[in-house]
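Here is the file protein-v2.txt (compact mmCIF, C-alpha atoms).
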# COMPACT_ATOMS: atom_id res chain seq x y z
CA MET P 1 -27.02 -38.62 -61.62
CA GLU P 2 -29.68 -40.72 -59.91
CA ALA P 3 -31.09 -37.62 -58.21
CA LYS P 4 -31.37 -35.85 -61.57
CA VAL P 5 -33.09 -38.82 -63.19
CA LEU P 6 -35.52 -39.12 -60.28
CA GLN P 7 -36.29 -35.42 -60.35
CA GLY P 8 -36.87 -35.52 -64.09
CA MET P 9 -39.19 -38.50 -63.83
CA GLN P 10 -41.29 -36.97 -61.07
CA SER P 11 -41.56 -33.56 -62.70
CA SER P 12 -42.48 -34.84 -66.15
CA THR P 13 -46.14 -34.66 -67.10
CA TRP P 14 -48.24 -36.60 -69.55
CA ILE P 15 -48.96 -34.92 -72.87
CA MET P 16 -52.50 -33.61 -72.56
CA ARG P 17 -54.67 -31.00 -74.21
CA GLU P 18 -55.09 -27.72 -72.38
CA ARG P 19 -58.72 -28.46 -71.56
CA ILE P 20 -57.83 -31.58 -69.61
CA VAL P 21 -57.29 -31.28 -65.88
CA MET P 22 -54.15 -33.04 -64.71
CA ARG P 23 -54.39 -35.50 -61.86
CA LYS P 24 -52.69 -34.74 -58.57
CA GLN P 25 -48.98 -35.50 -58.53
CA ASP P 26 -49.29 -38.18 -55.89
CA SER P 27 -51.50 -40.28 -58.18
CA SER P 28 -49.50 -39.77 -61.38
CA LEU P 29 -46.88 -42.09 -62.77
CA GLN P 30 -43.65 -41.82 -60.83
CA PHE P 31 -40.43 -43.74 -60.62
CA PHE P 32 -38.08 -44.62 -57.85
CA GLN P 33 -34.98 -46.70 -57.34
CA LYS P 34 -34.56 -49.26 -54.63
CA SER P 35 -31.59 -51.57 -54.14
CA GLY P 36 -30.18 -50.43 -57.47
CA GLU P 37 -33.23 -51.59 -59.46
CA GLN P 38 -35.80 -49.33 -61.13
CA LYS P 39 -39.47 -49.91 -60.39
CA TRP P 40 -42.79 -48.20 -60.92
CA SER P 41 -44.32 -46.24 -58.07
CA GLY P 42 -47.93 -45.17 -57.77
CA VAL P 43 -49.11 -47.86 -60.17
CA PRO P 44 -51.56 -50.60 -59.14
CA ALA P 45 -50.36 -54.19 -59.01
CA SER P 46 -52.67 -55.12 -61.87
CA CYS P 47 -50.55 -53.27 -64.42
CA CYS P 48 -47.02 -53.64 -63.13
CA PHE P 49 -45.94 -56.11 -60.50
CA ARG P 50 -42.88 -57.95 -59.38
CA THR P 51 -42.85 -61.70 -59.90
CA SER P 52 -40.81 -64.07 -57.80
CA LYS P 53 -37.96 -65.99 -59.36
CA GLN P 54 -38.79 -68.98 -57.26
CA ARG P 55 -42.09 -70.61 -58.16
CA SER P 56 -43.30 -74.13 -57.50
CA HIS P 57 -43.49 -76.20 -60.68
CA ARG P 58 -46.63 -77.78 -59.27
CA LEU P 59 -48.60 -74.62 -59.96
CA VAL P 60 -51.16 -74.92 -62.75
CA VAL P 61 -50.01 -73.01 -65.83
CA PRO P 62 -52.67 -71.09 -67.81
CA ARG P 63 -53.74 -72.23 -71.27
CA VAL P 64 -54.65 -69.83 -74.06
CA SER P 65 -58.22 -70.47 -75.15
CA CYS P 66 -60.63 -69.08 -77.72
CA SER P 67 -63.76 -69.78 -75.70
CA SER P 68 -65.80 -67.30 -73.64
CA GLY P 69 -64.34 -65.31 -70.78
CA ASN P 70 -61.50 -62.83 -70.59
CA VAL P 71 -59.29 -62.60 -73.65
CA PRO P 72 -57.57 -64.95 -73.64
CA VAL P 73 -59.30 -67.30 -71.22
CA LEU P 74 -57.30 -69.13 -68.56
CA GLU P 75 -58.11 -72.80 -68.28
CA SER P 76 -56.92 -75.53 -65.96
CA GLY P 77 -53.92 -77.36 -67.29
CA SER P 78 -53.23 -80.95 -68.23
CA PRO P 79 -50.33 -83.17 -67.07
CA THR P 80 -48.20 -81.98 -70.01
CA LEU P 81 -48.25 -78.46 -68.61
CA LEU P 82 -45.96 -79.54 -65.80
CA ASP P 83 -43.34 -80.57 -68.36
CA GLU P 84 -43.80 -77.31 -70.27
CA SER P 85 -43.31 -75.34 -67.08
CA LYS P 86 -40.01 -77.11 -66.38
CA ILE P 87 -38.83 -76.56 -69.95
CA LEU P 88 -39.72 -72.87 -69.74
CA LYS P 89 -37.89 -72.41 -66.46
CA LYS P 90 -34.77 -74.12 -67.84
CA LYS P 91 -34.93 -72.06 -71.03
CA ALA P 92 -35.30 -68.85 -68.98
CA GLU P 93 -32.24 -69.72 -66.89
CA GLU P 94 -30.22 -70.42 -70.04
CA ILE P 95 -31.24 -67.27 -71.88
CA GLU P 96 -31.23 -64.74 -69.03
CA PRO P 97 -27.46 -63.98 -69.20
CA TYR P 98 -27.80 -63.18 -72.92
CA ILE P 99 -30.82 -60.93 -72.40
CA ASN P 100 -28.71 -59.05 -69.85
CA GLY P 101 -31.63 -57.36 -68.11
CA ARG P 102 -33.11 -55.81 -71.24
CA CYS P 103 -36.86 -55.31 -71.32
CA ILE P 104 -38.96 -57.56 -73.54
CA TYR P 105 -41.73 -55.79 -75.48
CA LEU P 106 -44.61 -57.94 -76.73
CA VAL P 107 -46.35 -56.49 -79.77
CA GLY P 108 -49.26 -57.82 -81.77
CA MET P 109 -52.93 -57.44 -82.60
CA MET P 110 -55.59 -57.00 -79.96
CA GLY P 111 -56.54 -60.34 -78.46
CA SER P 112 -53.23 -61.98 -79.33
CA GLY P 113 -52.53 -62.89 -75.70
CA LYS P 114 -49.77 -60.38 -74.96
CA THR P 115 -50.87 -59.89 -71.35
CA THR P 116 -51.32 -63.60 -70.60
CA VAL P 117 -48.03 -64.60 -72.23
CA GLY P 118 -46.29 -61.59 -70.68
CA LYS P 119 -47.20 -62.65 -67.17
CA VAL P 120 -46.02 -66.22 -67.74
CA LEU P 121 -42.80 -64.98 -69.33
CA SER P 122 -42.06 -62.47 -66.58
CA ASP P 123 -42.65 -65.13 -63.95
CA ALA P 124 -40.17 -67.48 -65.61
CA LEU P 125 -37.50 -64.78 -65.97
CA GLY P 126 -38.06 -63.21 -62.57
CA TYR P 127 -38.91 -59.93 -64.35
CA SER P 128 -41.65 -57.46 -63.53
CA PHE P 129 -44.68 -57.26 -65.82
CA CYS P 130 -46.19 -54.03 -67.16
CA ASP P 131 -49.29 -53.44 -69.25
CA CYS P 132 -49.04 -50.19 -71.24
CA ASP P 133 -52.80 -49.67 -71.50
CA THR P 134 -53.25 -49.96 -67.74
CA LEU P 135 -50.39 -47.54 -67.10
CA ILE P 136 -52.06 -45.00 -69.40
CA GLU P 137 -55.42 -45.46 -67.68
CA GLN P 138 -53.76 -44.89 -64.31
CA ALA P 139 -51.92 -41.77 -65.47
CA VAL P 140 -54.94 -40.16 -67.14
CA GLY P 141 -57.31 -41.11 -64.34
CA VAL P 142 -59.78 -42.90 -66.61
CA SER P 143 -60.81 -46.49 -65.98
CA THR P 144 -60.67 -47.87 -69.54
CA VAL P 145 -58.95 -47.25 -72.85
CA ALA P 146 -62.39 -47.03 -74.49
CA GLU P 147 -63.25 -44.11 -72.21
CA ILE P 148 -60.01 -42.33 -73.10
CA PHE P 149 -60.80 -42.71 -76.80
CA ASN P 150 -64.35 -41.41 -76.26
CA GLN P 151 -63.38 -38.43 -74.11
CA TYR P 152 -60.10 -37.30 -75.63
CA GLY P 153 -59.62 -39.10 -78.94
CA GLU P 154 -57.14 -41.62 -80.28
CA GLY P 155 -54.39 -39.03 -80.81
CA PHE P 156 -54.37 -38.18 -77.11
CA PHE P 157 -54.16 -41.85 -76.23
CA ARG P 158 -51.27 -42.40 -78.65
CA ASP P 159 -49.35 -39.44 -77.17
CA ASN P 160 -49.60 -40.96 -73.71
CA GLU P 161 -48.70 -44.38 -75.08
CA THR P 162 -45.49 -42.92 -76.50
CA GLU P 163 -44.70 -41.31 -73.15
CA VAL P 164 -45.18 -44.63 -71.35
CA LEU P 165 -42.81 -46.40 -73.75
CA HIS P 166 -40.31 -43.57 -73.41
CA LYS P 167 -40.20 -44.00 -69.63
CA LEU P 168 -40.05 -47.78 -69.85
CA SER P 169 -37.12 -47.56 -72.25
CA SER P 170 -34.87 -46.36 -69.43
CA MET P 171 -35.77 -49.31 -67.23
CA HIS P 172 -34.61 -52.92 -67.03
CA ARG P 173 -35.97 -56.39 -66.26
CA HIS P 174 -39.54 -55.81 -67.40
CA VAL P 175 -41.82 -57.73 -69.74
CA VAL P 176 -44.08 -55.15 -71.38
CA SER P 177 -47.45 -55.80 -73.00
CA THR P 178 -48.00 -53.05 -75.57
CA GLY P 179 -51.24 -51.93 -77.17
CA GLY P 180 -52.10 -53.28 -80.60
CA GLY P 181 -51.47 -49.92 -82.25
CA ALA P 182 -48.22 -49.06 -80.48
CA VAL P 183 -46.27 -50.13 -83.58
CA ILE P 184 -47.67 -47.42 -85.86
CA ARG P 185 -45.42 -44.63 -84.55
CA PRO P 186 -41.73 -44.83 -85.50
CA ILE P 187 -40.76 -43.07 -82.27
CA ASN P 188 -42.24 -45.97 -80.30
CA TRP P 189 -39.90 -48.35 -82.10
CA ARG P 190 -36.95 -46.17 -81.14
CA HIS P 191 -37.95 -46.62 -77.51
CA MET P 192 -38.56 -50.36 -77.84
CA GLN P 193 -35.26 -50.91 -79.66
CA LYS P 194 -33.52 -50.39 -76.33
CA GLY P 195 -34.98 -53.77 -75.38
CA ILE P 196 -36.10 -56.85 -77.30
CA SER P 197 -39.36 -56.76 -79.26
CA VAL P 198 -41.40 -59.87 -80.04
CA TRP P 199 -44.41 -60.06 -82.35
CA LEU P 200 -47.08 -62.53 -81.25
CA ASP P 201 -48.59 -63.46 -84.60
CA VAL P 202 -52.04 -65.01 -84.16
CA PRO P 203 -54.44 -65.87 -87.04
CA VAL P 204 -57.14 -63.23 -87.52
CA GLU P 205 -59.90 -65.83 -87.26
CA VAL P 206 -58.65 -66.84 -83.82
CA LEU P 207 -58.50 -63.20 -82.74
CA ALA P 208 -62.06 -62.66 -83.96
CA ARG P 209 -63.33 -65.72 -82.08
CA ARG P 210 -61.71 -64.55 -78.87
CA ILE P 211 -62.97 -60.98 -79.13
CA THR P 212 -66.47 -62.01 -80.22
CA ALA P 213 -66.74 -64.21 -77.13
CA VAL P 214 -66.20 -61.30 -74.74
CA GLY P 215 -67.60 -58.38 -76.74
CA THR P 216 -66.03 -55.16 -78.01
CA ASN P 217 -66.76 -52.78 -75.13
CA SER P 218 -63.06 -52.58 -74.27
CA ARG P 219 -62.01 -52.34 -77.93
CA PRO P 220 -62.66 -48.78 -79.14
CA LEU P 221 -61.43 -49.46 -82.67
CA LEU P 222 -64.10 -52.13 -83.15
CA HIS P 223 -67.15 -50.01 -82.33
CA GLN P 224 -67.72 -48.29 -85.63
CA GLU P 225 -69.67 -50.84 -87.63
CA SER P 226 -72.92 -52.74 -87.15
CA GLY P 227 -73.96 -56.22 -88.26
CA ASP P 228 -73.06 -59.76 -87.32
CA PRO P 229 -70.42 -59.44 -84.55
CA PHE P 230 -68.04 -62.11 -85.81
CA SER P 231 -68.12 -60.96 -89.45
CA ARG P 232 -67.79 -57.32 -88.43
CA ILE P 233 -64.85 -58.00 -86.14
CA MET P 234 -63.15 -60.20 -88.76
CA LYS P 235 -63.46 -57.47 -91.36
CA ARG P 236 -62.10 -54.79 -89.06
CA LEU P 237 -59.22 -56.95 -87.83
CA TYR P 238 -58.15 -57.74 -91.38
CA THR P 239 -58.13 -53.99 -92.12
CA LEU P 240 -56.04 -53.26 -89.03
CA LEU P 241 -53.61 -56.07 -89.83
CA GLU P 242 -53.21 -54.75 -93.36
CA GLU P 243 -52.41 -51.31 -91.92
CA ARG P 244 -50.04 -52.58 -89.24
CA GLY P 245 -48.59 -55.80 -90.64
CA GLU P 246 -45.43 -54.20 -92.00
CA ALA P 247 -44.89 -52.38 -88.71
CA TYR P 248 -45.23 -55.61 -86.70
CA GLY P 249 -42.52 -57.00 -88.95
CA ASN P 250 -40.06 -54.54 -87.38
CA ALA P 251 -39.97 -56.67 -84.24
CA ASP P 252 -36.73 -58.45 -83.38
CA ALA P 253 -38.55 -61.80 -83.40
CA ARG P 254 -41.83 -63.20 -84.70
CA VAL P 255 -43.63 -65.96 -82.82
CA SER P 256 -46.34 -67.56 -84.94
CA LEU P 257 -49.10 -69.44 -83.13
CA LYS P 258 -49.72 -71.50 -86.27
CA ASN P 259 -46.08 -72.53 -86.43
CA ILE P 260 -46.04 -73.54 -82.78
CA ALA P 261 -49.20 -75.62 -83.25
CA SER P 262 -47.67 -77.33 -86.27
CA LYS P 263 -44.44 -78.05 -84.41
CA LEU P 264 -46.35 -79.55 -81.48
CA GLY P 265 -48.76 -81.50 -83.68
CA VAL P 266 -51.75 -79.55 -82.34
CA GLU P 267 -54.67 -79.16 -84.76
CA ASP P 268 -56.45 -76.26 -83.03
CA VAL P 269 -54.12 -73.33 -82.29
CA CYS P 270 -56.36 -72.47 -79.35
CA ASN P 271 -54.92 -75.51 -77.58
CA VAL P 272 -51.42 -74.05 -77.62
CA THR P 273 -50.62 -73.02 -74.05
CA SER P 274 -49.23 -69.66 -73.02
CA THR P 275 -46.27 -71.59 -71.58
CA ALA P 276 -45.52 -73.12 -74.99
CA ILE P 277 -45.70 -69.66 -76.54
CA SER P 278 -43.34 -68.31 -73.87
CA ILE P 279 -40.87 -71.11 -74.61
CA GLU P 280 -40.94 -70.13 -78.28
CA VAL P 281 -40.38 -66.46 -77.37
CA LEU P 282 -37.19 -67.39 -75.50
CA SER P 283 -36.09 -69.71 -78.31
CA ASN P 284 -36.03 -66.99 -80.96

Using structure tokens, write down the structure that the file contains.
Amino acid sequence: MEAKVLQGMQSSTWIMRERIVMRKQDSSLQFFQKSGEQKWSGVPASCCFRTSKQRSHRLVVPRVSCSSGNVPVLESGSPTLLDESKILKKKAEEIEPYINGRCIYLVGMMGSGKTTVGKVLSDALGYSFCDCDTLIEQAVGVSTVAEIFNQYGEGFFRDNETEVLHKLSSMHRHVVSTGGGAVIRPINWRHMQKGISVWLDVPVEVLARRITAVGTNSRPLLHQESGDPFSRIMKRLYTLLEERGEAYGNADARVSLKNIASKLGVEDVCNVTSTAISIEVLSN
């Protein structure tokens, strides 16, 4: 059975238009099994990597920020982050038997912190972390999602996104950061239902502040309009949320940044750490 699965994985190709030249097999997405556990092969560490179960609690834990830099920005922590890290580790140990190795899929709008939270969460659980967008870029042989949209169109990107989720659905012990639009196809939900899906619900204004700070070059769906960047991004994000809000609601759990801030007595949701968000994910 394992040989058949391996052969099927290696021989499968990404859905591409006839005019697109496929990459060589040795650089395409492949799978292999080692010590009874499935892992990605041929994928750079930046998009899927193994995290150690044993981490020092003295490490600084990243904080989600709305200021300039990557989205979201990582900032140095405060003394309370040490306590949060311990709480997260304890919560992960308690919940792991109930998760039973199922993958965790993080869904949500662009800029909601899925990658940052995903890495913290995978570290706590001893899971591997995968970023769907990066896996697609690697498979297609194009450096950014924006380039894929420009060269081949959104439909082509969505086809490859579905293929990535299909392959991930047969795997275990992964935290997966999905693209903001992954929820729009029902077939993607069928793949994600084999794991646990969590919606990171972040206020649109916060998303707009984060994205405005770093620009929209990596956000192909935000390129269409001109005008004041913040107002333009806000308008577009509200439209996207209106289109996708019901689909996000299909997730097994919803983690609201506003609710976490209220619970912690934090006025600015940007001061809620990715560790606190991860704790809430495991508490749902």

Need the shell around Leu125 of chain P: protein/DNA/RNA residues with any atom at most 8 Å away, counting only C-alpha atoms. Skip same-chain ones fewer than 4 positions apart. Format as a PDB file with C-alpha atoms, in the frame of the given file?
ATOM      1  CA  LYS P  53     -37.960 -65.990 -59.360  1.00  0.00           C
ATOM      2  CA  LYS P  89     -37.890 -72.410 -66.460  1.00  0.00           C
ATOM      3  CA  ALA P  92     -35.300 -68.850 -68.980  1.00  0.00           C
ATOM      4  CA  GLU P  93     -32.240 -69.720 -66.890  1.00  0.00           C
ATOM      5  CA  GLU P  96     -31.230 -64.740 -69.030  1.00  0.00           C
ATOM      6  CA  LEU P 121     -42.800 -64.980 -69.330  1.00  0.00           C
TER       7      LEU P 121
END

List every residue of segment 139-175 of chain P that has an atom at most 10 Å from any atom of segment 98-103 of chain P, and for each one report the closest atom pair and its distance in Å to one decimal, counting only C-alpha atoms, with rows sorted by chain and then by increasing residue number, as JSON lines.
{"residue": "P:Leu168", "atom": "CA", "partner": "P:Cys103", "partner_atom": "CA", "distance": 8.3}
{"residue": "P:Ser169", "atom": "CA", "partner": "P:Cys103", "partner_atom": "CA", "distance": 7.8}
{"residue": "P:Ser170", "atom": "CA", "partner": "P:Cys103", "partner_atom": "CA", "distance": 9.4}
{"residue": "P:Met171", "atom": "CA", "partner": "P:Cys103", "partner_atom": "CA", "distance": 7.3}
{"residue": "P:His172", "atom": "CA", "partner": "P:Arg102", "partner_atom": "CA", "distance": 5.3}
{"residue": "P:Arg173", "atom": "CA", "partner": "P:Gly101", "partner_atom": "CA", "distance": 4.8}
{"residue": "P:His174", "atom": "CA", "partner": "P:Cys103", "partner_atom": "CA", "distance": 4.8}
{"residue": "P:Val175", "atom": "CA", "partner": "P:Cys103", "partner_atom": "CA", "distance": 5.7}

Interatomic distance (Å, one decimal) between atom CA of Val255 of chain P and atom CA of Val281 of chain P: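 Interatomic distance, atom CA of Val255 of chain P to atom CA of Val281 of chain P: 6.4 Å.
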
So how far away is atom CA of Gly126 of chain P from atom CA of Ile95 of chain P, in Å?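 The value is 12.2 Å.
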
Counting only C-alpha atoms, the option among P:Ala261, P:Ala208, P:Val145, P:Ile87 closest to Phe230 of chain P: P:Ala208

Of the listed residues P:Pro97, P:Gly108, P:Pro186, P:Gly153, that which approaches Leu165 of chain P most closely, counting only C-alpha atoms: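 Smallest separation from Leu165 of chain P among the options: P:Pro186.
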
Just give me the gap between atom CA of Ser283 of chain P and atom CA of Lys91 of chain P in Å, one decimal is fine.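 We find that atom CA of Ser283 of chain P and atom CA of Lys91 of chain P lie 7.7 Å from each other.
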
Residue list as number ranges by chain for point (-53.7, -73.0, -78.9), cut-off 10 Å, all atoms listed in the file: P: 63-66, 202, 206, 257-258, 260-261, 266-274, 276-277

At a cut-off of 9 Å from (-47.0, -45.2, -71.1) in the coordinates of the file, what residues are picked up using only C-alpha atoms, written as number ranges by chain? P: 14, 29, 131-136, 139, 159-168

Of P:Val140, P:Ala182, P:Ile196, P:Leu82, the one nearest to Asn284 of chain P when counting only C-alpha atoms is P:Ile196

Using all atoms listed in the file: which of P:Ser231, P:Val107, P:Ser177, P:Arg185 has the shortest distance to Arg209 of chain P: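 Closest residue, counting all atoms listed in the file: P:Ser231.
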
Which residue is closest to Gly113 of chain P? Choose from P:Lys263, P:Arg210, P:Arg158, P:Arg244 and count all atoms listed in the file.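 Using all atoms listed in the file, the shortest distance to Gly113 of chain P belongs to P:Arg210.
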
Can you list, as a ChimeraX atom specification, every protein, DNA or RNA residue that comes within 12 Å of Gly245 of chain P when you count all atoms listed in the file, leaving out same-chain residues fewer than 4 positions away? /P:107-109,180-181,183-184,199-202,204,237-241,249-251,254

Can you put N, CA, C and O atoms back into segment 239-259 of chain P and show it as a PDB file, keeping the file's coordinate frame?
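Output (out32.pdb):
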ATOM      1  N   THR P 239     -58.522 -55.342 -91.730  1.00  0.00           N
ATOM      2  CA  THR P 239     -58.130 -53.990 -92.120  1.00  0.00           C
ATOM      3  C   THR P 239     -56.979 -53.489 -91.256  1.00  0.00           C
ATOM      4  O   THR P 239     -55.994 -52.930 -91.759  1.00  0.00           O
ATOM      5  N   LEU P 240     -57.089 -53.697 -89.948  1.00  0.00           N
ATOM      6  CA  LEU P 240     -56.040 -53.260 -89.030  1.00  0.00           C
ATOM      7  C   LEU P 240     -54.728 -53.989 -89.292  1.00  0.00           C
ATOM      8  O   LEU P 240     -53.653 -53.380 -89.255  1.00  0.00           O
ATOM      9  N   LEU P 241     -54.821 -55.297 -89.571  1.00  0.00           N
ATOM     10  CA  LEU P 241     -53.610 -56.070 -89.830  1.00  0.00           C
ATOM     11  C   LEU P 241     -52.939 -55.600 -91.117  1.00  0.00           C
ATOM     12  O   LEU P 241     -51.706 -55.531 -91.207  1.00  0.00           O
ATOM     13  N   GLU P 242     -53.755 -55.256 -92.100  1.00  0.00           N
ATOM     14  CA  GLU P 242     -53.210 -54.750 -93.360  1.00  0.00           C
ATOM     15  C   GLU P 242     -52.463 -53.437 -93.115  1.00  0.00           C
ATOM     16  O   GLU P 242     -51.411 -53.172 -93.706  1.00  0.00           O
ATOM     17  N   GLU P 243     -53.018 -52.603 -92.224  1.00  0.00           N
ATOM     18  CA  GLU P 243     -52.410 -51.310 -91.920  1.00  0.00           C
ATOM     19  C   GLU P 243     -51.139 -51.460 -91.085  1.00  0.00           C
ATOM     20  O   GLU P 243     -50.197 -50.674 -91.231  1.00  0.00           O
ATOM     21  N   ARG P 244     -51.121 -52.470 -90.224  1.00  0.00           N
ATOM     22  CA  ARG P 244     -50.040 -52.580 -89.240  1.00  0.00           C
ATOM     23  C   ARG P 244     -49.063 -53.726 -89.503  1.00  0.00           C
ATOM     24  O   ARG P 244     -48.023 -53.802 -88.850  1.00  0.00           O
ATOM     25  N   GLY P 245     -49.402 -54.609 -90.435  1.00  0.00           N
ATOM     26  CA  GLY P 245     -48.590 -55.800 -90.640  1.00  0.00           C
ATOM     27  C   GLY P 245     -47.122 -55.521 -90.875  1.00  0.00           C
ATOM     28  O   GLY P 245     -46.241 -56.167 -90.291  1.00  0.00           O
ATOM     29  N   GLU P 246     -46.829 -54.537 -91.712  1.00  0.00           N
ATOM     30  CA  GLU P 246     -45.430 -54.200 -92.000  1.00  0.00           C
ATOM     31  C   GLU P 246     -44.733 -53.684 -90.749  1.00  0.00           C
ATOM     32  O   GLU P 246     -43.558 -53.990 -90.507  1.00  0.00           O
ATOM     33  N   ALA P 247     -45.467 -52.921 -89.943  1.00  0.00           N
ATOM     34  CA  ALA P 247     -44.890 -52.380 -88.710  1.00  0.00           C
ATOM     35  C   ALA P 247     -44.595 -53.495 -87.708  1.00  0.00           C
ATOM     36  O   ALA P 247     -43.548 -53.488 -87.042  1.00  0.00           O
ATOM     37  N   TYR P 248     -45.492 -54.471 -87.595  1.00  0.00           N
ATOM     38  CA  TYR P 248     -45.230 -55.610 -86.700  1.00  0.00           C
ATOM     39  C   TYR P 248     -43.953 -56.327 -87.120  1.00  0.00           C
ATOM     40  O   TYR P 248     -43.217 -56.861 -86.287  1.00  0.00           O
ATOM     41  N   GLY P 249     -43.704 -56.334 -88.420  1.00  0.00           N
ATOM     42  CA  GLY P 249     -42.520 -57.000 -88.950  1.00  0.00           C
ATOM     43  C   GLY P 249     -41.212 -56.374 -88.509  1.00  0.00           C
ATOM     44  O   GLY P 249     -40.144 -56.960 -88.715  1.00  0.00           O
ATOM     45  N   ASN P 250     -41.272 -55.187 -87.886  1.00  0.00           N
ATOM     46  CA  ASN P 250     -40.060 -54.540 -87.380  1.00  0.00           C
ATOM     47  C   ASN P 250     -39.550 -55.182 -86.099  1.00  0.00           C
ATOM     48  O   ASN P 250     -38.436 -54.872 -85.652  1.00  0.00           O
ATOM     49  N   ALA P 251     -40.361 -56.046 -85.506  1.00  0.00           N
ATOM     50  CA  ALA P 251     -39.970 -56.670 -84.240  1.00  0.00           C
ATOM     51  C   ALA P 251     -38.715 -57.519 -84.417  1.00  0.00           C
ATOM     52  O   ALA P 251     -38.435 -58.040 -85.498  1.00  0.00           O
ATOM     53  N   ASP P 252     -37.960 -57.661 -83.340  1.00  0.00           N
ATOM     54  CA  ASP P 252     -36.730 -58.450 -83.380  1.00  0.00           C
ATOM     55  C   ASP P 252     -37.028 -59.931 -83.637  1.00  0.00           C
ATOM     56  O   ASP P 252     -36.200 -60.647 -84.208  1.00  0.00           O
ATOM     57  N   ALA P 253     -38.190 -60.387 -83.208  1.00  0.00           N
ATOM     58  CA  ALA P 253     -38.550 -61.800 -83.400  1.00  0.00           C
ATOM     59  C   ALA P 253     -40.049 -61.908 -83.662  1.00  0.00           C
ATOM     60  O   ALA P 253     -40.833 -61.080 -83.199  1.00  0.00           O
ATOM     61  N   ARG P 254     -40.424 -62.922 -84.430  1.00  0.00           N
ATOM     62  CA  ARG P 254     -41.830 -63.200 -84.700  1.00  0.00           C
ATOM     63  C   ARG P 254     -42.156 -64.593 -84.165  1.00  0.00           C
ATOM     64  O   ARG P 254     -41.474 -65.561 -84.497  1.00  0.00           O
ATOM     65  N   VAL P 255     -43.190 -64.683 -83.350  1.00  0.00           N
ATOM     66  CA  VAL P 255     -43.630 -65.960 -82.820  1.00  0.00           C
ATOM     67  C   VAL P 255     -45.025 -66.253 -83.383  1.00  0.00           C
ATOM     68  O   VAL P 255     -45.997 -65.561 -83.049  1.00  0.00           O
ATOM     69  N   SER P 256     -45.101 -67.225 -84.254  1.00  0.00           N
ATOM     70  CA  SER P 256     -46.340 -67.560 -84.940  1.00  0.00           C
ATOM     71  C   SER P 256     -47.063 -68.687 -84.197  1.00  0.00           C
ATOM     72  O   SER P 256     -46.509 -69.767 -83.990  1.00  0.00           O
ATOM     73  N   LEU P 257     -48.306 -68.425 -83.826  1.00  0.00           N
ATOM     74  CA  LEU P 257     -49.100 -69.440 -83.130  1.00  0.00           C
ATOM     75  C   LEU P 257     -49.338 -70.640 -84.033  1.00  0.00           C
ATOM     76  O   LEU P 257     -49.334 -71.786 -83.569  1.00  0.00           O
ATOM     77  N   LYS P 258     -49.514 -70.401 -85.328  1.00  0.00           N
ATOM     78  CA  LYS P 258     -49.720 -71.500 -86.270  1.00  0.00           C
ATOM     79  C   LYS P 258     -48.483 -72.378 -86.365  1.00  0.00           C
ATOM     80  O   LYS P 258     -48.577 -73.611 -86.408  1.00  0.00           O
ATOM     81  N   ASN P 259     -47.321 -71.762 -86.358  1.00  0.00           N
ATOM     82  CA  ASN P 259     -46.080 -72.530 -86.430  1.00  0.00           C
ATOM     83  C   ASN P 259     -45.852 -73.362 -85.182  1.00  0.00           C
ATOM     84  O   ASN P 259     -45.383 -74.501 -85.253  1.00  0.00           O
TER      85      ASN P 259
END
